[in-house]
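Peer 1: Mind having a look at this structure? Questions to follow.
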Amino acid sequence: MESLSAVVRRCALLLLLCATGAQAETAPGQWAGWLQQQINNLPASRAINAEQERWLAENRDAAQPLYNPELNIGYEDSADTTRTVGLSQTLDWSGKARANRDAVAVRDSLAQLRADKARASLVADSLNALVAFDAARARLAATRQQEQQLSALSDLIRRREQAGDLGQVDAQLAWLSLAETQQTMAQAESDATAAATRLRQVLASAQPGQPLPAARHWQAVAVSTDASQRLPASFDLRLAQQQLALAEQDATVAGRQRRADPTLGVSVGKEGDDNLWGVDISLPLKLFNTGKERYQAALADSDARRALLEKTRADIAARLDGALRDYQQRRERWQTWQQLTGDTLSRSDALLQRVWQQGELTTQNYLQALNQRLDTRLSGIALREAMQQAWVRWLRESAQLNDWLNQLAN
């Protein structure tokens with residue numbers, strides 16, 4: 001028959017593996033390379049690329065010349081038959097095409113920024129899904145090992161009860177603790193299923209191709225942790241600046257649209273037996289639809305975006321400061337938990353088992369200590385998960401997600 005000491009030592013080893021398994025060291029370069037390749041192969045990535053190409057194609061269309069030449073053919077049958085052929089061209093004297101090209105250059109920058117932001121969001125969602133999956137799997141493993149330990153312990157207590165070493169109350173307490181674990185186990189299983197489902201939705205993968213890098217890699221090495229320095233790189237701020245530039249260009253285009261462009265035409269032909277040629281010039285008269293209202297609306301939009309830019313800058317600066325501070329606080333708490341626990345969790349099994357066997361610890365207190373050890377382990381998993389998610393948020397806000405992945409990959 002297996003001794004109580006052997007069973008407890010085996011359960012302790014399993015629990016220790018559970019505590020450290022979630023942080024098993026892996027080559028960060030392999031993980032980063034796998035993640036980047038996985039994201040590039042996603043339908044969502046192809047959709048972003050296609051959307052960007054659509055924007056650029058629309059911009060190229062807007063940059064085309066405004067006016068095409070016109071071919072004019074005339075025929076008149078009177079006393080003398082007149083036949084003419086001519087060519088006319090509207091001249092862009094007001095510089096509308098040049099203003100359009102300037103606006104298109106800004107739209108190209110906007111298209112690139114929007115695509116880059118969408119890609120960064122996809123990377124952030126993928127990282128958060130991986131972090132949640134890893135934490136859920138670690139919680140499930142810890143809870144499952146606790147259930148197995150309590151089940152084995154309950155059987156041993158029951159046998160000791162039959163042998164007269166322990167009373168009936170001890171056996172009942174063990175079974176009650178095992179029953180109580182079922183709710184925790186059910187929640188852990190549900191969380192693991194939800195995390196796996198989310199991972200499949202985001203990364204189209206049932207499980208990661210590589211385990212997460214150790215927690216020590218989730219910090220600044222080749223990336224900046226200066227919020228003020230990263231402010232100009234923020235996607236949202238750069239988008240706001242480009243949208244202001246586009247509004248100003250649209251106002252310029254609207255102003256040019258108010259000016260009339262002349263049309264110049266030349267024609268040659270025959271009238272009877274005589275040759276003829278002609279030149280004509282036409283100029284639209286902007287008497288009714290002058291474009292004044294459109295121009296005023298464009299100016300108002302430009303003024304509004306200029307006024308809101310400073311608020312946007314302040315809001316983004318606050319978000320950056322908050323994201324960085326949140327990460328620093330969560331990492332500090334995670335490091336404190338590591339310092340406080342150290343190898344205490346792994347050594348506590350033998351100590352608890354020894355004092356319980358010696359009668360210095362009641363079965364009730366022994367079970368409470370086991371539950372407290374599980375809670376401590378779960379709190380460590382939660383602290384690590386929160387720290388990693390805060391790191392992802394900071395990288396996303398500061399536009400450094402790709403920098404971090406490239407640093408790991410290299």
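Residues are referred to by chain and number: the chain letter is A, B, ... according to the order shown in the structure tokens, the number counts from 1 in that chain, and ligands are numbered separately from 1 in the order shown.
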List every residue of range 206-254 of chain A that has an atom at most 8 Å from any atom of range 305-310 of chain A, giving for each one its closest atom pair and the distance in Å to one decimal, counting only C-alpha atoms, sorted by chain and then by ascending residue number, as JSON lines.
Peer 2:
{"residue": "A:Ala240", "atom": "CA", "partner": "A:Leu309", "partner_atom": "CA", "distance": 6.5}
{"residue": "A:Gln241", "atom": "CA", "partner": "A:Leu309", "partner_atom": "CA", "distance": 7.1}
{"residue": "A:Gln243", "atom": "CA", "partner": "A:Arg305", "partner_atom": "CA", "distance": 7.6}
{"residue": "A:Leu244", "atom": "CA", "partner": "A:Arg305", "partner_atom": "CA", "distance": 5.5}
{"residue": "A:Ala247", "atom": "CA", "partner": "A:Arg305", "partner_atom": "CA", "distance": 7.6}
Peer 1: Find the residues of range 73-117 of chain A that sit at most 8 Å from range 55-65 of chain A; for each, write down the nearest two atoms and how far apart they are in Å, to one decimal. Count only C-alpha atoms. Sort by chain, then by number going up, and give it as CSV.
Peer 2:
residue,atom,partner,partner_atom,distance
A:Ala97,CA,A:Pro65,CA,6.2
A:Asn100,CA,A:Ala63,CA,6.1
A:Arg101,CA,A:Ala63,CA,5.2
A:Val104,CA,A:Asn59,CA,5.6
A:Arg107,CA,A:Asn59,CA,6.8
A:Asp108,CA,A:Leu56,CA,6.1
A:Ala111,CA,A:Trp55,CA,6.1
Peer 1: Mind writing the picked residues with C-alpha atoms as a short mmCIF file (atom, residue, chain, number, x, y, z; two decimals), in the first residue's frame?
Peer 2:
data_model
loop_
_atom_site.label_atom_id
_atom_site.label_comp_id
_atom_site.auth_asym_id
_atom_site.auth_seq_id
_atom_site.Cartn_x
_atom_site.Cartn_y
_atom_site.Cartn_z
CA ALA A 97 -5.32 69.04 -60.23
CA ASN A 100 -5.99 67.27 -55.67
CA ARG A 101 -2.57 65.63 -55.91
CA VAL A 104 -4.06 62.50 -52.45
CA ARG A 107 -4.77 60.35 -48.19
CA ASP A 108 -1.99 57.90 -49.04
CA ALA A 111 -4.27 54.81 -45.75
#
Peer 1: With only C-alpha atoms as the counted atoms, please give the residues lying no more than 9 Å from Arg396 in chain A, apart from itself and same-chain residues fewer than 4 positions off, as an mmCIF file with C-alpha atoms, in the first residue's frame.
Peer 2:
data_model
loop_
_atom_site.group_PDB
_atom_site.id
_atom_site.type_symbol
_atom_site.label_atom_id
_atom_site.label_comp_id
_atom_site.auth_asym_id
_atom_site.auth_seq_id
_atom_site.Cartn_x
_atom_site.Cartn_y
_atom_site.Cartn_z
ATOM 1 C CA ALA A 120 -1.230 46.657 -34.518
ATOM 2 C CA SER A 121 -4.724 45.981 -33.178
ATOM 3 C CA VAL A 123 -1.217 41.841 -33.030
ATOM 4 C CA ALA A 124 -2.487 43.156 -29.674
ATOM 5 C CA SER A 234 1.025 57.257 -31.357
ATOM 6 C CA TRP A 391 2.660 45.324 -21.226
ATOM 7 C CA VAL A 392 0.675 44.648 -24.393
ATOM 8 C CA GLN A 400 5.924 49.497 -30.298
ATOM 9 C CA LEU A 401 4.343 46.069 -30.727
#
Peer 1: I'd like the contact shell of Ile316 in chain A - 10 Å cut-off, only C-alpha atoms, skipping same-chain residues fewer than 2 positions apart - returned as a list in words.
Peer 2: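 Listed by chain and then number, they are Ala227, Leu231, Pro232, Ser234, Phe235, Asp236, Leu237, Glu310, Lys311, Thr312, Arg313, Ala314, Ala318, Arg319, Leu320, Asp321, Gly322, Glu397 and Ser398 of chain A.
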Peer 1: Excluding same-chain residues fewer than 3 positions from Glu147 in chain A, what lies within 10 Å of it counting only C-alpha atoms, as a count of residues only?
Peer 2: 16
Peer 1: Measure the distance from CA of Trp277 in chain A to CA of Ser78 in chain A in Å and round it to one decimal.
Peer 2: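 So the two atoms, CA of Trp277 in chain A and CA of Ser78 in chain A, lie 18.4 Å apart.
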Peer 1: Would you please extract all alpha helix (DSSP H) residues from range 111-261 of chain A, as assigned by DSSP on the backbone, and give them as a PDB file with C-alpha atoms, in the first residue's frame?
Peer 2:
ATOM      1  CA  ALA A 111      -4.270  54.809 -45.748  1.00  0.00           C
ATOM      2  CA  GLN A 112      -0.882  53.589 -44.538  1.00  0.00           C
ATOM      3  CA  LEU A 113      -1.541  54.766 -40.978  1.00  0.00           C
ATOM      4  CA  ARG A 114      -4.974  53.158 -40.835  1.00  0.00           C
ATOM      5  CA  ALA A 115      -3.584  49.874 -42.112  1.00  0.00           C
ATOM      6  CA  ASP A 116      -0.695  49.995 -39.631  1.00  0.00           C
ATOM      7  CA  LYS A 117      -3.090  50.692 -36.764  1.00  0.00           C
ATOM      8  CA  ALA A 118      -5.350  47.819 -37.843  1.00  0.00           C
ATOM      9  CA  ARG A 119      -2.335  45.487 -37.971  1.00  0.00           C
ATOM     10  CA  ALA A 120      -1.230  46.657 -34.518  1.00  0.00           C
ATOM     11  CA  SER A 121      -4.724  45.981 -33.178  1.00  0.00           C
ATOM     12  CA  LEU A 122      -4.600  42.495 -34.667  1.00  0.00           C
ATOM     13  CA  VAL A 123      -1.217  41.841 -33.030  1.00  0.00           C
ATOM     14  CA  ALA A 124      -2.487  43.156 -29.674  1.00  0.00           C
ATOM     15  CA  ASP A 125      -5.635  41.008 -29.843  1.00  0.00           C
ATOM     16  CA  SER A 126      -3.493  37.973 -30.683  1.00  0.00           C
ATOM     17  CA  LEU A 127      -1.126  38.628 -27.771  1.00  0.00           C
ATOM     18  CA  ASN A 128      -3.994  39.116 -25.330  1.00  0.00           C
ATOM     19  CA  ALA A 129      -5.606  35.889 -26.526  1.00  0.00           C
ATOM     20  CA  LEU A 130      -2.325  34.013 -26.048  1.00  0.00           C
ATOM     21  CA  VAL A 131      -1.812  35.477 -22.576  1.00  0.00           C
ATOM     22  CA  ALA A 132      -5.374  34.608 -21.533  1.00  0.00           C
ATOM     23  CA  PHE A 133      -5.011  31.085 -22.936  1.00  0.00           C
ATOM     24  CA  ASP A 134      -1.742  30.525 -21.068  1.00  0.00           C
ATOM     25  CA  ALA A 135      -3.181  31.801 -17.788  1.00  0.00           C
ATOM     26  CA  ALA A 136      -6.387  29.788 -18.145  1.00  0.00           C
ATOM     27  CA  ARG A 137      -4.404  26.646 -18.873  1.00  0.00           C
ATOM     28  CA  ALA A 138      -2.185  27.272 -15.819  1.00  0.00           C
ATOM     29  CA  ARG A 139      -5.225  27.818 -13.580  1.00  0.00           C
ATOM     30  CA  LEU A 140      -6.841  24.654 -14.875  1.00  0.00           C
ATOM     31  CA  ALA A 141      -3.687  22.619 -14.289  1.00  0.00           C
ATOM     32  CA  ALA A 142      -3.294  23.992 -10.746  1.00  0.00           C
ATOM     33  CA  THR A 143      -6.920  23.315  -9.877  1.00  0.00           C
ATOM     34  CA  ARG A 144      -6.809  19.844 -11.401  1.00  0.00           C
ATOM     35  CA  GLN A 145      -3.700  18.946  -9.396  1.00  0.00           C
ATOM     36  CA  GLN A 146      -5.379  20.233  -6.246  1.00  0.00           C
ATOM     37  CA  GLU A 147      -8.365  18.013  -6.980  1.00  0.00           C
ATOM     38  CA  GLN A 148      -6.123  14.994  -7.523  1.00  0.00           C
ATOM     39  CA  GLN A 149      -4.200  15.691  -4.318  1.00  0.00           C
ATOM     40  CA  LEU A 150      -7.383  16.039  -2.265  1.00  0.00           C
ATOM     41  CA  SER A 151      -8.818  12.895  -3.830  1.00  0.00           C
ATOM     42  CA  ALA A 152      -5.706  10.870  -2.968  1.00  0.00           C
ATOM     43  CA  LEU A 153      -5.577  12.422   0.495  1.00  0.00           C
ATOM     44  CA  SER A 154      -9.250  11.606   1.114  1.00  0.00           C
ATOM     45  CA  ASP A 155      -8.662   7.957   0.231  1.00  0.00           C
ATOM     46  CA  LEU A 156      -5.683   7.769   2.595  1.00  0.00           C
ATOM     47  CA  ILE A 157      -7.620   9.451   5.403  1.00  0.00           C
ATOM     48  CA  ARG A 158     -10.462   7.004   4.884  1.00  0.00           C
ATOM     49  CA  ARG A 159      -8.055   4.075   5.143  1.00  0.00           C
ATOM     50  CA  ARG A 160      -6.476   5.562   8.271  1.00  0.00           C
ATOM     51  CA  GLU A 161      -9.961   6.026   9.689  1.00  0.00           C
ATOM     52  CA  GLN A 162     -10.668   2.348   9.100  1.00  0.00           C
ATOM     53  CA  ALA A 163      -7.378   1.523  10.795  1.00  0.00           C
ATOM     54  CA  GLN A 168     -14.711  10.117  11.210  1.00  0.00           C
ATOM     55  CA  VAL A 169     -14.669  13.937  11.316  1.00  0.00           C
ATOM     56  CA  ASP A 170     -11.301  14.010   9.526  1.00  0.00           C
ATOM     57  CA  ALA A 171     -12.666  11.903   6.676  1.00  0.00           C
ATOM     58  CA  GLN A 172     -15.750  14.093   6.370  1.00  0.00           C
ATOM     59  CA  LEU A 173     -13.626  17.245   6.222  1.00  0.00           C
ATOM     60  CA  ALA A 174     -11.501  15.767   3.446  1.00  0.00           C
ATOM     61  CA  TRP A 175     -14.517  14.824   1.378  1.00  0.00           C
ATOM     62  CA  LEU A 176     -16.095  18.248   1.914  1.00  0.00           C
ATOM     63  CA  SER A 177     -12.905  19.936   0.692  1.00  0.00           C
ATOM     64  CA  LEU A 178     -12.879  17.677  -2.352  1.00  0.00           C
ATOM     65  CA  ALA A 179     -16.531  18.532  -3.073  1.00  0.00           C
ATOM     66  CA  GLU A 180     -15.822  22.235  -2.696  1.00  0.00           C
ATOM     67  CA  THR A 181     -13.046  21.950  -5.266  1.00  0.00           C
ATOM     68  CA  GLN A 182     -15.562  20.898  -7.920  1.00  0.00           C
ATOM     69  CA  GLN A 183     -16.919  24.432  -8.293  1.00  0.00           C
ATOM     70  CA  THR A 184     -13.409  25.842  -8.682  1.00  0.00           C
ATOM     71  CA  MET A 185     -12.634  23.072 -11.148  1.00  0.00           C
ATOM     72  CA  ALA A 186     -15.773  23.783 -13.177  1.00  0.00           C
ATOM     73  CA  GLN A 187     -14.936  27.488 -13.360  1.00  0.00           C
ATOM     74  CA  ALA A 188     -11.359  26.749 -14.404  1.00  0.00           C
ATOM     75  CA  GLU A 189     -12.581  24.377 -17.131  1.00  0.00           C
ATOM     76  CA  SER A 190     -15.060  26.973 -18.368  1.00  0.00           C
ATOM     77  CA  ASP A 191     -12.404  29.694 -18.441  1.00  0.00           C
ATOM     78  CA  ALA A 192     -10.017  27.403 -20.320  1.00  0.00           C
ATOM     79  CA  THR A 193     -12.690  26.585 -22.896  1.00  0.00           C
ATOM     80  CA  ALA A 194     -13.518  30.278 -23.371  1.00  0.00           C
ATOM     81  CA  ALA A 195      -9.818  31.145 -23.742  1.00  0.00           C
ATOM     82  CA  ALA A 196      -9.315  28.367 -26.308  1.00  0.00           C
ATOM     83  CA  THR A 197     -12.362  29.581 -28.241  1.00  0.00           C
ATOM     84  CA  ARG A 198     -11.049  33.144 -28.239  1.00  0.00           C
ATOM     85  CA  LEU A 199      -7.658  31.929 -29.429  1.00  0.00           C
ATOM     86  CA  ARG A 200      -9.267  30.113 -32.358  1.00  0.00           C
ATOM     87  CA  GLN A 201     -11.266  33.216 -33.254  1.00  0.00           C
ATOM     88  CA  VAL A 202      -8.251  35.530 -33.199  1.00  0.00           C
ATOM     89  CA  LEU A 203      -5.362  33.344 -34.352  1.00  0.00           C
ATOM     90  CA  ALA A 227       5.636  58.217 -22.479  1.00  0.00           C
ATOM     91  CA  SER A 228       6.496  61.732 -23.661  1.00  0.00           C
ATOM     92  CA  GLN A 229       9.029  60.362 -26.138  1.00  0.00           C
ATOM     93  CA  ARG A 230       6.501  57.937 -27.597  1.00  0.00           C
ATOM     94  CA  PHE A 235      -1.211  56.002 -34.149  1.00  0.00           C
ATOM     95  CA  ASP A 236      -4.166  58.057 -32.940  1.00  0.00           C
ATOM     96  CA  LEU A 237      -2.160  61.289 -32.734  1.00  0.00           C
ATOM     97  CA  ARG A 238      -0.616  60.780 -36.164  1.00  0.00           C
ATOM     98  CA  LEU A 239      -4.056  60.023 -37.582  1.00  0.00           C
ATOM     99  CA  ALA A 240      -5.444  63.216 -36.041  1.00  0.00           C
ATOM    100  CA  GLN A 241      -2.573  65.223 -37.515  1.00  0.00           C
ATOM    101  CA  GLN A 242      -3.048  63.711 -40.958  1.00  0.00           C
ATOM    102  CA  GLN A 243      -6.796  64.273 -40.806  1.00  0.00           C
ATOM    103  CA  LEU A 244      -6.155  67.941 -40.039  1.00  0.00           C
ATOM    104  CA  ALA A 245      -3.739  68.125 -42.980  1.00  0.00           C
ATOM    105  CA  LEU A 246      -6.368  66.492 -45.205  1.00  0.00           C
ATOM    106  CA  ALA A 247      -9.043  68.937 -44.019  1.00  0.00           C
ATOM    107  CA  GLU A 248      -6.733  71.828 -44.892  1.00  0.00           C
ATOM    108  CA  GLN A 249      -6.071  70.343 -48.330  1.00  0.00           C
ATOM    109  CA  ASP A 250      -9.798  69.804 -48.872  1.00  0.00           C
ATOM    110  CA  ALA A 251     -10.350  73.477 -48.069  1.00  0.00           C
ATOM    111  CA  THR A 252      -7.713  74.385 -50.656  1.00  0.00           C
ATOM    112  CA  VAL A 253      -9.399  72.135 -53.226  1.00  0.00           C
ATOM    113  CA  ALA A 254     -12.796  73.679 -52.439  1.00  0.00           C
ATOM    114  CA  GLY A 255     -11.325  77.149 -52.904  1.00  0.00           C
ATOM    115  CA  ARG A 256      -9.864  76.183 -56.282  1.00  0.00           C
ATOM    116  CA  GLN A 257     -13.192  74.669 -57.318  1.00  0.00           C
TER     117      GLN A 257
END
Peer 1: Give me every strand (DSSP E) residue in range 207-388 of chain A, going by DSSP on the backbone, as a PyMOL selection string.
Peer 2: chain A and resi 263-271+274-282
Peer 1: Give me the residues near Ser88 in chain A as a PDB file with C-alpha atoms, in the first residue's frame, where near means some atom within 10 Å (using only C-alpha atoms) and where sequence neighbours in that chain fewer than 2 positions away do not count.
Peer 2:
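Contents of around22.pdb, as written:
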ATOM      1  CA  ASN A  68     -10.119  64.965 -70.942  1.00  0.00           C
ATOM      2  CA  PRO A  69      -9.884  66.447 -74.441  1.00  0.00           C
ATOM      3  CA  GLU A  70     -13.061  66.407 -76.538  1.00  0.00           C
ATOM      4  CA  LEU A  71     -13.371  65.553 -80.206  1.00  0.00           C
ATOM      5  CA  ASN A  72     -15.975  67.629 -82.106  1.00  0.00           C
ATOM      6  CA  GLY A  86     -12.232  69.975 -84.013  1.00  0.00           C
ATOM      7  CA  THR A  90     -10.534  72.567 -70.704  1.00  0.00           C
ATOM      8  CA  LEU A  91      -7.482  74.170 -69.141  1.00  0.00           C
ATOM      9  CA  THR A 263     -12.134  75.656 -72.579  1.00  0.00           C
ATOM     10  CA  LEU A 264     -10.055  76.193 -75.715  1.00  0.00           C
ATOM     11  CA  GLY A 265     -11.048  74.600 -79.012  1.00  0.00           C
ATOM     12  CA  VAL A 266      -9.686  74.500 -82.548  1.00  0.00           C
ATOM     13  CA  SER A 267     -11.426  73.175 -85.644  1.00  0.00           C
ATOM     14  CA  VAL A 279     -10.742  78.889 -82.699  1.00  0.00           C
ATOM     15  CA  ASP A 280     -13.218  79.215 -79.862  1.00  0.00           C
ATOM     16  CA  ILE A 281     -12.887  79.892 -76.152  1.00  0.00           C
TER      17      ILE A 281
END
Peer 1: Go through A:Thr341, A:Asn402, A:Gln328, A:Asn275 and flag the residue nearest Thr82 in chain A, using only C-alpha atoms for the distances.
Peer 2: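 Looking at the shortest contact to Thr82 in chain A, the residue is A:Asn275.
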Peer 1: Check the smallest atom-to-atom distance from each of A:Gly209, A:Ala300, A:Ala386, A:Trp218 to Trp34 in chain A using only C-alpha atoms, then report the winner.
Peer 2: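 Among the listed residues, the smallest separation from Trp34 in chain A belongs to A:Gly209.
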Peer 1: Smallest atom-to-atom distance to Gln210 in chain A: which of A:Gln38, A:Leu395, A:Tyr366, A:Leu299, using only C-alpha atoms?
Peer 2: A:Gln38
Peer 1: Take CA of Ala214 in chain A and CA of Pro28 in chain A and report the distance between them in Å, one decimal.
Peer 2: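 Result for CA of Ala214 in chain A versus CA of Pro28 in chain A: 8.1 Å, one decimal.
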Peer 1: Which is closest to Gln338 in chain A among A:Arg216, A:Leu352, A:Ala369, A:Ala297, if we use only C-alpha atoms?
Peer 2: A:Arg216
Peer 1: Show which residues sit within 9 Å of Arg384 in chain A, as a PyMOL selection string. Count only C-alpha atoms, and ignore same-chain residues fewer than 6 positions away.
Peer 2: chain A and resi 135+215+330-331+334
Peer 1: Any chance you can output those residues with N, CA, C and O atoms as a PDB file, in the first residue's frame?
Peer 2:
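The resulting file, selection-v6.pdb, is reproduced below:
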ATOM      1  N   ALA A 135      -2.756  31.681 -19.181  1.00  0.00           N
ATOM      2  CA  ALA A 135      -3.181  31.801 -17.788  1.00  0.00           C
ATOM      3  C   ALA A 135      -4.315  30.837 -17.469  1.00  0.00           C
ATOM      4  O   ALA A 135      -4.328  30.209 -16.398  1.00  0.00           O
ATOM      5  N   ALA A 215       8.290  35.287 -18.170  1.00  0.00           N
ATOM      6  CA  ALA A 215       7.820  36.609 -17.755  1.00  0.00           C
ATOM      7  C   ALA A 215       8.927  37.655 -17.802  1.00  0.00           C
ATOM      8  O   ALA A 215       8.648  38.843 -17.979  1.00  0.00           O
ATOM      9  N   ARG A 330       1.884  46.821 -12.052  1.00  0.00           N
ATOM     10  CA  ARG A 330       1.573  45.384 -12.108  1.00  0.00           C
ATOM     11  C   ARG A 330       2.853  44.549 -12.131  1.00  0.00           C
ATOM     12  O   ARG A 330       2.893  43.465 -11.541  1.00  0.00           O
ATOM     13  N   ARG A 331       3.872  45.024 -12.816  1.00  0.00           N
ATOM     14  CA  ARG A 331       5.132  44.282 -12.805  1.00  0.00           C
ATOM     15  C   ARG A 331       5.758  44.289 -11.405  1.00  0.00           C
ATOM     16  O   ARG A 331       6.315  43.281 -10.965  1.00  0.00           O
ATOM     17  N   TRP A 334       3.925  41.731  -9.380  1.00  0.00           N
ATOM     18  CA  TRP A 334       4.309  40.380  -9.800  1.00  0.00           C
ATOM     19  C   TRP A 334       5.685  40.019  -9.234  1.00  0.00           C
ATOM     20  O   TRP A 334       5.888  38.901  -8.732  1.00  0.00           O
TER      21      TRP A 334
END
